[in-house]
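**Q** What follows is protein.pdb, PDB, C-alpha atoms, pLDDT in the B column.
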ATOM      1  CA  MET A   1      11.397   8.917  31.078  1.00 32.00           C
ATOM      2  CA  PRO A   2      12.409   5.258  31.392  1.00 32.00           C
ATOM      3  CA  PRO A   3      13.058   3.301  28.183  1.00 32.00           C
ATOM      4  CA  VAL A   4       9.890   2.025  26.524  1.00 30.00           C
ATOM      5  CA  PRO A   5       9.726  -1.792  26.737  1.00 32.00           C
ATOM      6  CA  MET A   6      10.311  -3.499  23.409  1.00 33.00           C
ATOM      7  CA  ARG A   7       6.913  -5.170  23.578  1.00 29.00           C
ATOM      8  CA  THR A   8       5.263  -1.790  22.940  1.00 30.00           C
ATOM      9  CA  LEU A   9       6.646  -1.717  19.404  1.00 31.00           C
ATOM     10  CA  VAL A  10       3.637  -3.623  18.144  1.00 28.00           C
ATOM     11  CA  ALA A  11       0.468  -5.115  19.548  1.00 23.00           C
ATOM     12  CA  GLY A  12       1.496  -8.692  20.103  1.00 26.00           C
ATOM     13  CA  PRO A  13       4.739 -10.704  20.355  1.00 30.00           C
ATOM     14  CA  LEU A  14       7.963  -8.888  19.621  1.00 36.00           C
ATOM     15  CA  ALA A  15       8.582 -11.279  16.737  1.00 33.00           C
ATOM     16  CA  VAL A  16       5.810  -9.491  14.854  1.00 32.00           C
ATOM     17  CA  MET A  17       8.120  -6.486  14.765  1.00 41.00           C
ATOM     18  CA  TYR A  18       9.993  -7.948  11.796  1.00 35.00           C
ATOM     19  CA  ALA A  19       6.810  -8.233   9.771  1.00 32.00           C
ATOM     20  CA  VAL A  20       5.879  -4.697  10.746  1.00 32.00           C
ATOM     21  CA  MET A  21       9.228  -3.432   9.519  1.00 38.00           C
ATOM     22  CA  CYS A  22       8.693  -5.006   6.111  1.00 36.00           C
ATOM     23  CA  ALA A  23       5.020  -4.314   5.601  1.00 31.00           C
ATOM     24  CA  ALA A  24       4.554  -0.975   7.290  1.00 31.00           C
ATOM     25  CA  ILE A  25       7.790   0.972   6.971  1.00 31.00           C
ATOM     26  CA  ALA A  26      10.223  -1.446   5.362  1.00 35.00           C
ATOM     27  CA  THR A  27      13.426  -0.163   6.882  1.00 40.00           C
ATOM     28  CA  GLY A  28      15.505  -2.697   5.008  1.00 42.00           C
ATOM     29  CA  CYS A  29      13.667  -5.887   4.137  1.00 39.00           C
ATOM     30  CA  ALA A  30      13.355  -7.313   0.663  1.00 37.00           C
ATOM     31  CA  ALA A  31      10.969  -5.190  -1.365  1.00 35.00           C
ATOM     32  CA  PRO A  32       8.514  -6.753  -3.837  1.00 33.00           C
ATOM     33  CA  ARG A  33       9.457  -6.120  -7.456  1.00 38.00           C
ATOM     34  CA  GLN A  34       5.814  -5.530  -8.366  1.00 36.00           C
ATOM     35  CA  PRO A  35       3.753  -5.225  -5.166  1.00 35.00           C
ATOM     36  CA  PRO A  36       0.117  -6.238  -5.438  1.00 35.00           C
ATOM     37  CA  ALA A  37      -2.382  -3.406  -5.457  1.00 34.00           C
ATOM     38  CA  SER A  38      -3.537  -4.435  -1.974  1.00 33.00           C
ATOM     39  CA  GLN A  39      -0.068  -3.702  -0.593  1.00 32.00           C
ATOM     40  CA  LYS A  40       0.348  -0.282  -2.186  1.00 30.00           C
ATOM     41  CA  SER A  41      -1.613   1.400   0.586  1.00 27.00           C
ATOM     42  CA  ALA A  42       1.015   0.470   3.181  1.00 24.00           C
ATOM     43  CA  ALA A  43       2.804   3.475   4.659  1.00 27.00           C
ATOM     44  CA  ALA A  44       5.718   4.393   2.442  1.00 23.00           C
ATOM     45  CA  PRO A  45       8.947   6.049   3.535  1.00 26.00           C
ATOM     46  CA  GLY A  46       8.312   9.705   4.197  1.00 29.00           C
ATOM     47  CA  GLU A  47       4.752   9.205   5.426  1.00 29.00           C
ATOM     48  CA  SER A  48       3.660   9.745   9.002  1.00 29.00           C
ATOM     49  CA  SER A  49       4.398   6.195  10.163  1.00 32.00           C
ATOM     50  CA  ALA A  50       8.133   6.665   9.625  1.00 34.00           C
ATOM     51  CA  PRO A  51      10.182   8.213  12.436  1.00 35.00           C
ATOM     52  CA  SER A  52      11.386  11.749  11.983  1.00 36.00           C
ATOM     53  CA  GLY A  53      14.193  13.678  13.600  1.00 38.00           C
ATOM     54  CA  GLY A  54      17.487  15.311  12.642  1.00 40.00           C
ATOM     55  CA  SER A  55      18.226  16.563   9.180  1.00 45.00           C
ATOM     56  CA  VAL A  56      19.653  14.243   6.551  1.00 47.00           C
ATOM     57  CA  ARG A  57      22.853  15.315   4.813  1.00 52.00           C
ATOM     58  CA  PRO A  58      25.696  13.625   2.903  1.00 50.00           C
ATOM     59  CA  TYR A  59      28.267  12.231   5.299  1.00 46.00           C
ATOM     60  CA  THR A  60      31.811  13.353   4.521  1.00 56.00           C
ATOM     61  CA  GLY A  61      33.759  11.917   7.468  1.00 71.00           C
ATOM     62  CA  GLU A  62      36.081   8.922   7.306  1.00 85.00           C
ATOM     63  CA  ALA A  63      33.351   6.494   8.395  1.00 91.00           C
ATOM     64  CA  VAL A  64      31.571   6.913   5.059  1.00 86.00           C
ATOM     65  CA  ARG A  65      34.225   4.669   3.527  1.00 90.00           C
ATOM     66  CA  SER A  66      33.058   1.807   5.735  1.00 95.00           C
ATOM     67  CA  ILE A  67      29.301   2.102   5.141  1.00 96.00           C
ATOM     68  CA  VAL A  68      28.031  -0.004   2.233  1.00 97.00           C
ATOM     69  CA  ARG A  69      24.856  -0.610   0.275  1.00 97.00           C
ATOM     70  CA  VAL A  70      23.829  -4.262  -0.031  1.00 97.00           C
ATOM     71  CA  THR A  71      21.655  -5.484  -2.913  1.00 96.00           C
ATOM     72  CA  GLY A  72      20.648  -8.841  -4.299  1.00 95.00           C
ATOM     73  CA  THR A  73      17.770 -11.121  -5.257  1.00 94.00           C
ATOM     74  CA  ALA A  74      15.669 -13.572  -3.269  1.00 92.00           C
ATOM     75  CA  HIS A  75      14.556 -15.646  -6.262  1.00 88.00           C
ATOM     76  CA  ALA A  76      12.234 -17.981  -4.363  1.00 83.00           C
ATOM     77  CA  CYS A  77      10.334 -14.967  -2.993  1.00 84.00           C
ATOM     78  CA  ASP A  78      10.408 -13.004  -6.262  1.00 88.00           C
ATOM     79  CA  ARG A  79      11.924 -10.115  -4.320  1.00 89.00           C
ATOM     80  CA  ASP A  80      14.880  -7.821  -4.577  1.00 92.00           C
ATOM     81  CA  VAL A  81      17.048  -7.249  -1.515  1.00 92.00           C
ATOM     82  CA  GLU A  82      18.365  -3.875  -0.403  1.00 95.00           C
ATOM     83  CA  GLY A  83      19.855  -2.681   2.872  1.00 96.00           C
ATOM     84  CA  THR A  84      22.796  -1.080   4.613  1.00 98.00           C
ATOM     85  CA  GLY A  85      25.867  -2.754   6.096  1.00 98.00           C
ATOM     86  CA  PHE A  86      29.164  -1.702   7.606  1.00 98.00           C
ATOM     87  CA  VAL A  87      32.718  -3.006   7.350  1.00 98.00           C
ATOM     88  CA  TYR A  88      33.865  -4.188  10.768  1.00 98.00           C
ATOM     89  CA  ALA A  89      36.869  -6.335   9.808  1.00 97.00           C
ATOM     90  CA  ARG A  90      38.975  -7.061   6.732  1.00 97.00           C
ATOM     91  CA  GLU A  91      36.653  -8.041   3.872  1.00 98.00           C
ATOM     92  CA  ARG A  92      33.768  -8.522   6.327  1.00 98.00           C
ATOM     93  CA  VAL A  93      30.467  -6.639   6.363  1.00 98.00           C
ATOM     94  CA  MET A  94      27.798  -6.885   9.068  1.00 98.00           C
ATOM     95  CA  LEU A  95      24.096  -6.287   8.466  1.00 98.00           C
ATOM     96  CA  THR A  96      20.702  -7.583   9.562  1.00 98.00           C
ATOM     97  CA  ALA A  97      19.779 -11.170   8.730  1.00 97.00           C
ATOM     98  CA  HIS A  98      16.253 -10.221   7.634  1.00 95.00           C
ATOM     99  CA  THR A  99      17.751  -8.085   4.854  1.00 95.00           C
ATOM    100  CA  VAL A 100      19.346 -11.093   3.125  1.00 96.00           C
ATOM    101  CA  ALA A 101      16.860 -13.790   4.188  1.00 96.00           C
ATOM    102  CA  GLY A 102      16.216 -15.989   1.162  1.00 95.00           C
ATOM    103  CA  ALA A 103      18.813 -14.166  -0.970  1.00 94.00           C
ATOM    104  CA  ASP A 104      20.291 -16.535  -3.526  1.00 85.00           C
ATOM    105  CA  ARG A 105      21.446 -14.437  -6.469  1.00 81.00           C
ATOM    106  CA  ASN A 106      23.544 -11.409  -7.324  1.00 88.00           C
ATOM    107  CA  LEU A 107      24.400 -10.421  -3.765  1.00 96.00           C
ATOM    108  CA  LYS A 108      26.577  -7.333  -4.043  1.00 97.00           C
ATOM    109  CA  VAL A 109      28.128  -4.644  -1.871  1.00 97.00           C
ATOM    110  CA  SER A 110      28.494  -1.122  -3.266  1.00 96.00           C
ATOM    111  CA  LEU A 111      30.594   1.789  -1.998  1.00 94.00           C
ATOM    112  CA  ALA A 112      29.748   5.470  -2.110  1.00 89.00           C
ATOM    113  CA  ASP A 113      32.270   5.931  -4.946  1.00 90.00           C
ATOM    114  CA  GLY A 114      30.270   3.525  -7.118  1.00 91.00           C
ATOM    115  CA  ARG A 115      32.512   0.477  -6.942  1.00 95.00           C
ATOM    116  CA  GLY A 116      30.729  -2.840  -6.516  1.00 96.00           C
ATOM    117  CA  PHE A 117      31.874  -6.219  -5.159  1.00 97.00           C
ATOM    118  CA  ASP A 118      30.399  -9.704  -5.079  1.00 97.00           C
ATOM    119  CA  ALA A 119      29.456 -10.900  -1.596  1.00 98.00           C
ATOM    120  CA  GLU A 120      28.719 -14.198   0.139  1.00 97.00           C
ATOM    121  CA  VAL A 121      26.812 -14.734   3.381  1.00 97.00           C
ATOM    122  CA  VAL A 122      29.122 -16.547   5.816  1.00 98.00           C
ATOM    123  CA  VAL A 123      27.160 -15.964   9.049  1.00 98.00           C
ATOM    124  CA  PHE A 124      23.362 -16.015   9.218  1.00 98.00           C
ATOM    125  CA  ASP A 125      21.668 -15.769  12.618  1.00 97.00           C
ATOM    126  CA  PRO A 126      17.888 -15.476  12.127  1.00 96.00           C
ATOM    127  CA  LEU A 127      17.204 -15.480  15.878  1.00 95.00           C
ATOM    128  CA  VAL A 128      19.163 -12.369  16.838  1.00 96.00           C
ATOM    129  CA  ASP A 129      18.880 -10.965  13.288  1.00 97.00           C
ATOM    130  CA  ILE A 130      22.577 -10.665  12.369  1.00 98.00           C
ATOM    131  CA  ALA A 131      24.409 -11.653   9.198  1.00 98.00           C
ATOM    132  CA  VAL A 132      28.016 -11.316   8.039  1.00 98.00           C
ATOM    133  CA  LEU A 133      29.178 -11.075   4.429  1.00 98.00           C
ATOM    134  CA  LEU A 134      32.543 -12.068   3.016  1.00 98.00           C
ATOM    135  CA  VAL A 135      33.453  -9.498   0.360  1.00 98.00           C
ATOM    136  CA  ARG A 136      36.759 -10.380  -1.252  1.00 97.00           C
ATOM    137  CA  GLY A 137      38.852  -7.385  -2.285  1.00 97.00           C
ATOM    138  CA  LEU A 138      36.761  -4.876  -0.339  1.00 96.00           C
ATOM    139  CA  PRO A 139      39.092  -1.921   0.333  1.00 92.00           C
ATOM    140  CA  PRO A 140      37.445   0.286   3.000  1.00 81.00           C
ATOM    141  CA  PRO A 141      38.830   0.482   6.528  1.00 92.00           C
ATOM    142  CA  SER A 142      36.821  -1.174   9.272  1.00 96.00           C
ATOM    143  CA  LEU A 143      34.825   0.436  12.075  1.00 97.00           C
ATOM    144  CA  PRO A 144      35.587  -1.032  15.520  1.00 97.00           C
ATOM    145  CA  LEU A 145      32.805  -2.100  17.870  1.00 98.00           C
ATOM    146  CA  GLN A 146      32.460  -0.253  21.178  1.00 98.00           C
ATOM    147  CA  VAL A 147      30.534  -1.931  23.983  1.00 97.00           C
ATOM    148  CA  LYS A 148      30.335   1.168  26.178  1.00 97.00           C
ATOM    149  CA  ARG A 149      27.230   3.229  25.475  1.00 97.00           C
ATOM    150  CA  GLU A 150      27.481   6.884  24.507  1.00 97.00           C
ATOM    151  CA  ALA A 151      24.445   9.132  24.655  1.00 97.00           C
ATOM    152  CA  SER A 152      25.268  11.055  21.472  1.00 95.00           C
ATOM    153  CA  ALA A 153      25.694   9.200  18.183  1.00 96.00           C
ATOM    154  CA  MET A 154      24.831   9.111  14.474  1.00 95.00           C
ATOM    155  CA  VAL A 155      22.884   6.704  12.302  1.00 96.00           C
ATOM    156  CA  ILE A 156      24.630   6.378   8.936  1.00 96.00           C
ATOM    157  CA  GLY A 157      22.911   4.474   6.153  1.00 95.00           C
ATOM    158  CA  TYR A 158      21.640   4.260   2.596  1.00 96.00           C
ATOM    159  CA  GLU A 159      18.023   5.021   1.871  1.00 92.00           C
ATOM    160  CA  GLU A 160      16.469   2.747  -0.738  1.00 90.00           C
ATOM    161  CA  GLY A 161      17.851   3.542  -4.163  1.00 89.00           C
ATOM    162  CA  GLY A 162      20.391   5.981  -2.758  1.00 91.00           C
ATOM    163  CA  THR A 163      24.028   5.998  -3.773  1.00 90.00           C
ATOM    164  CA  THR A 164      25.341   8.242  -0.996  1.00 90.00           C
ATOM    165  CA  PRO A 165      24.998   7.421   2.715  1.00 91.00           C
ATOM    166  CA  SER A 166      23.393  10.026   4.953  1.00 88.00           C
ATOM    167  CA  VAL A 167      24.014  10.839   8.602  1.00 90.00           C
ATOM    168  CA  GLN A 168      21.410  11.684  11.196  1.00 93.00           C
ATOM    169  CA  PRO A 169      22.051  12.603  14.840  1.00 94.00           C
ATOM    170  CA  ALA A 170      20.684  10.237  17.480  1.00 96.00           C
ATOM    171  CA  ILE A 171      20.265  10.265  21.247  1.00 97.00           C
ATOM    172  CA  VAL A 172      20.985   6.788  22.599  1.00 98.00           C
ATOM    173  CA  GLY A 173      19.123   5.423  25.608  1.00 97.00           C
ATOM    174  CA  ASP A 174      20.176   2.835  28.172  1.00 97.00           C
ATOM    175  CA  ARG A 175      20.433  -0.827  27.216  1.00 96.00           C
ATOM    176  CA  VAL A 176      17.083  -2.646  27.053  1.00 93.00           C
ATOM    177  CA  PRO A 177      16.985  -6.456  27.496  1.00 93.00           C
ATOM    178  CA  ALA A 178      14.275  -8.009  25.306  1.00 88.00           C
ATOM    179  CA  THR A 179      13.060 -11.286  23.864  1.00 89.00           C
ATOM    180  CA  SER A 180      11.686 -12.314  20.495  1.00 89.00           C
ATOM    181  CA  ARG A 181      11.111 -15.431  18.437  1.00 91.00           C
ATOM    182  CA  GLY A 182      13.488 -14.479  15.658  1.00 93.00           C
ATOM    183  CA  ILE A 183      12.756 -13.367  12.121  1.00 94.00           C
ATOM    184  CA  TYR A 184      10.887 -16.614  11.399  1.00 94.00           C
ATOM    185  CA  ASP A 185       8.882 -16.540  14.654  1.00 93.00           C
ATOM    186  CA  ASP A 186      10.003 -20.046  15.538  1.00 91.00           C
ATOM    187  CA  GLN A 187      12.220 -19.979  18.638  1.00 91.00           C
ATOM    188  CA  PRO A 188      12.511 -17.646  21.645  1.00 93.00           C
ATOM    189  CA  VAL A 189      15.749 -15.736  22.129  1.00 93.00           C
ATOM    190  CA  GLY A 190      16.910 -12.944  24.415  1.00 94.00           C
ATOM    191  CA  PHE A 191      19.008 -10.029  23.220  1.00 94.00           C
ATOM    192  CA  ASP A 192      20.165  -6.534  24.157  1.00 95.00           C
ATOM    193  CA  SER A 193      19.248  -3.349  22.327  1.00 96.00           C
ATOM    194  CA  TYR A 194      19.621   0.406  22.561  1.00 97.00           C
ATOM    195  CA  PRO A 195      16.553   2.573  22.019  1.00 96.00           C
ATOM    196  CA  PHE A 196      17.457   5.756  20.170  1.00 97.00           C
ATOM    197  CA  ARG A 197      15.611   8.950  19.264  1.00 96.00           C
ATOM    198  CA  GLY A 198      15.989  11.437  16.457  1.00 91.00           C
ATOM    199  CA  PRO A 199      16.792   9.788  13.112  1.00 89.00           C
ATOM    200  CA  ARG A 200      14.285   9.245  10.383  1.00 88.00           C
ATOM    201  CA  VAL A 201      14.970   5.616   9.543  1.00 91.00           C
ATOM    202  CA  ARG A 202      13.723   4.915   6.043  1.00 89.00           C
ATOM    203  CA  ARG A 203      13.474   1.934   3.728  1.00 89.00           C
ATOM    204  CA  GLY A 204      16.955   0.551   3.030  1.00 93.00           C
ATOM    205  CA  MET A 205      18.509   1.652   6.323  1.00 95.00           C
ATOM    206  CA  SER A 206      18.089  -1.584   8.268  1.00 95.00           C
ATOM    207  CA  GLY A 207      21.622  -2.674   9.195  1.00 97.00           C
ATOM    208  CA  ALA A 208      22.894   0.896   9.445  1.00 98.00           C
ATOM    209  CA  PRO A 209      25.458   1.356  12.228  1.00 98.00           C
ATOM    210  CA  LEU A 210      24.874   3.554  15.260  1.00 97.00           C
ATOM    211  CA  VAL A 211      28.201   5.388  15.249  1.00 97.00           C
ATOM    212  CA  SER A 212      29.846   7.306  18.089  1.00 95.00           C
ATOM    213  CA  ARG A 213      31.501  10.701  17.647  1.00 90.00           C
ATOM    214  CA  ASP A 214      34.896   9.025  17.361  1.00 92.00           C
ATOM    215  CA  GLU A 215      33.544   6.648  14.688  1.00 95.00           C
ATOM    216  CA  ARG A 216      33.047   3.456  16.650  1.00 97.00           C
ATOM    217  CA  VAL A 217      29.996   1.232  16.237  1.00 98.00           C
ATOM    218  CA  LEU A 218      27.726   1.284  19.287  1.00 98.00           C
ATOM    219  CA  GLY A 219      25.044  -0.851  17.647  1.00 98.00           C
ATOM    220  CA  MET A 220      23.172  -1.806  14.473  1.00 98.00           C
ATOM    221  CA  VAL A 221      19.698  -0.569  13.519  1.00 97.00           C
ATOM    222  CA  PHE A 222      17.162  -3.370  13.181  1.00 95.00           C
ATOM    223  CA  ALA A 223      13.761  -1.853  14.015  1.00 92.00           C
ATOM    224  CA  VAL A 224      11.756   1.304  14.490  1.00 90.00           C
ATOM    225  CA  ASP A 225       8.880   1.969  16.837  1.00 88.00           C
ATOM    226  CA  THR A 226       5.624   2.099  14.892  1.00 85.00           C
ATOM    227  CA  ASP A 227       3.852   4.024  17.650  1.00 86.00           C
ATOM    228  CA  LEU A 228       6.465   6.597  18.689  1.00 83.00           C
ATOM    229  CA  GLU A 229       7.646   8.806  15.866  1.00 78.00           C
ATOM    230  CA  GLY A 230      11.404   9.246  15.654  1.00 85.00           C
ATOM    231  CA  LYS A 231      12.266   6.239  17.811  1.00 93.00           C
ATOM    232  CA  GLY A 232      14.266   3.189  16.739  1.00 94.00           C
ATOM    233  CA  TYR A 233      16.205   0.255  18.136  1.00 95.00           C
ATOM    234  CA  ALA A 234      19.743  -0.993  17.569  1.00 97.00           C
ATOM    235  CA  LEU A 235      21.338  -4.274  18.609  1.00 98.00           C
ATOM    236  CA  THR A 236      24.165  -3.359  20.977  1.00 98.00           C
ATOM    237  CA  ALA A 237      27.813  -3.833  20.053  1.00 98.00           C
ATOM    238  CA  ARG A 238      28.066  -6.368  22.858  1.00 97.00           C
ATOM    239  CA  GLN A 239      25.233  -8.325  21.249  1.00 97.00           C
ATOM    240  CA  LEU A 240      26.964  -8.117  17.873  1.00 98.00           C
ATOM    241  CA  SER A 241      30.334  -9.320  19.156  1.00 98.00           C
ATOM    242  CA  THR A 242      29.698 -13.096  18.953  1.00 97.00           C
ATOM    243  CA  ALA A 243      28.651 -12.955  15.299  1.00 98.00           C
ATOM    244  CA  ALA A 244      31.487 -10.526  14.580  1.00 98.00           C
ATOM    245  CA  LYS A 245      34.038 -12.959  15.978  1.00 98.00           C
ATOM    246  CA  ALA A 246      32.586 -15.892  14.028  1.00 98.00           C
ATOM    247  CA  GLY A 247      32.476 -13.814  10.857  1.00 98.00           C
ATOM    248  CA  ARG A 248      36.176 -12.945  11.004  1.00 97.00           C
ATOM    249  CA  ARG A 249      37.042 -16.637  10.676  1.00 96.00           C
ATOM    250  CA  ALA A 250      34.256 -17.770   8.362  1.00 98.00           C
ATOM    251  CA  THR A 251      35.010 -18.308   4.668  1.00 97.00           C
ATOM    252  CA  ALA A 252      32.366 -20.827   3.553  1.00 97.00           C
ATOM    253  CA  PRO A 253      28.971 -19.628   2.285  1.00 96.00           C
ATOM    254  CA  VAL A 254      25.962 -20.540   4.457  1.00 96.00           C
ATOM    255  CA  SER A 255      22.252 -20.819   3.706  1.00 95.00           C
ATOM    256  CA  THR A 256      20.111 -17.700   3.964  1.00 95.00           C
ATOM    257  CA  GLU A 257      17.164 -20.017   4.601  1.00 94.00           C
ATOM    258  CA  GLY A 258      13.705 -18.815   3.569  1.00 91.00           C
ATOM    259  CA  CYS A 259      11.983 -15.503   3.085  1.00 85.00           C
ATOM    260  CA  THR A 260      10.685 -13.611   6.099  1.00 77.00           C
TER
END
Take the structure in the file and give it back as structure tokens.
**A**
Amino acid sequence: MPPVPMRTLVAGPLAVMYAVMCAAIATGCAAPRQPPASQKSAAAPGESSAPSGGSVRPYTGEAVRSIVRVTGTAHACDRDVEGTGFVYARERVMLTAHTVAGADRNLKVSLADGRGFDAEVVVFDPLVDIAVLLVRGLPPPSLPLQVKREASAMVIGYEEGGTTPSVQPAIVGDRVPATSRGIYDDQPVGFDSYPFRGPRVRRGMSGAPLVSRDERVLGMVFAVDTDLEGKGYALTARQLSTAAKAGRRATAPVSTEGCT
């Protein structure tokens, strides 16, 4: 079957996808500290609205050392931040911009061995949904980006509240060009993504890398399909490359703007 167009993710503009991720399945957006009663009926991780696929198990390969858990606080939104990121260069972590949107306090990166490090956002692209953190003293090796698609891969990430990353097999489809209006729904932008099938992408796993068998990053998870169970989308490594290059040089903190 041909790849499903991105516009079928939700009924309406693709930009609505970001709101759907937070409200319906919350793959990695800031979670309310005390959600109102009216929001508690939203589908929680593990319910039927979340994709399902391969089994989840602790990941013991070398790549686990480069997958991190990102936490913090978006004080203006009264929300805590939690998501997944990956080390792609020395002291640099890439993740989704919507995960850290509005974050202004206690931004930290944690490793599977329990060590934690302070982090600063040095690249924030709300249109394409990419952010880069500077994490001084971060020891893990980096995972290189690979622009060539491979059909077989893994999604490696931290579920909300988890301290050990899990790995799930994924089948990666052909590149899909798409457009959106960014995480703030304010300006049109085109980007490239890979649709993938198989993993159960849960709350906290936005920003998880799509990793090839030889441990190269093919893309970064930023959305799931709310209509097709077990289907998600990752920004391609080619799409990530501009922000990755800027992030290697960046040392000054930048604004994380407002809440999504």
**Q** Using the chain letters and numbering of this document, enumerate as a VMD selection string the residues selected by the PyMOL selection byres ((chain A and resi 164-173) around 10).
**A** chain A and resid 2 to 4 53 to 61 64 to 65 67 to 69 84 111 to 114 149 to 159 161 to 163 174 to 176 193 to 201 205 208 210 to 212 218 to 219 230 to 234
**Q** Go through A:Lys108, A:Gly137, A:Arg92, A:Asp129 and flag the residue nearest Met220 (chain A), using only C-alpha atoms for the distances.
**A**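 Looking at the shortest contact to Met220 (chain A), the residue is A:Asp129.
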**Q** Nearest to Glu91 (chain A) among A:Arg249, A:Arg238, A:Arg181, A:Arg79, with distances taken over all atoms listed in the file: which residue is it?
**A** A:Arg249
**Q** What does the structure give for the distance between CA of Glu82 (chain A) and CA of Ala237 (chain A), in Å to one decimal?
**A**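 Computed distance, CA of Glu82 (chain A) to CA of Ala237 (chain A), equals 22.5 Å.
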**Q** Name the residues that the PyMOL selection byres ((chain A and resi 119) around 7) pulls out of this structure, and write them as a ChimeraX atom specification.
**A** /A:107-109,117-118,120-121,133-135
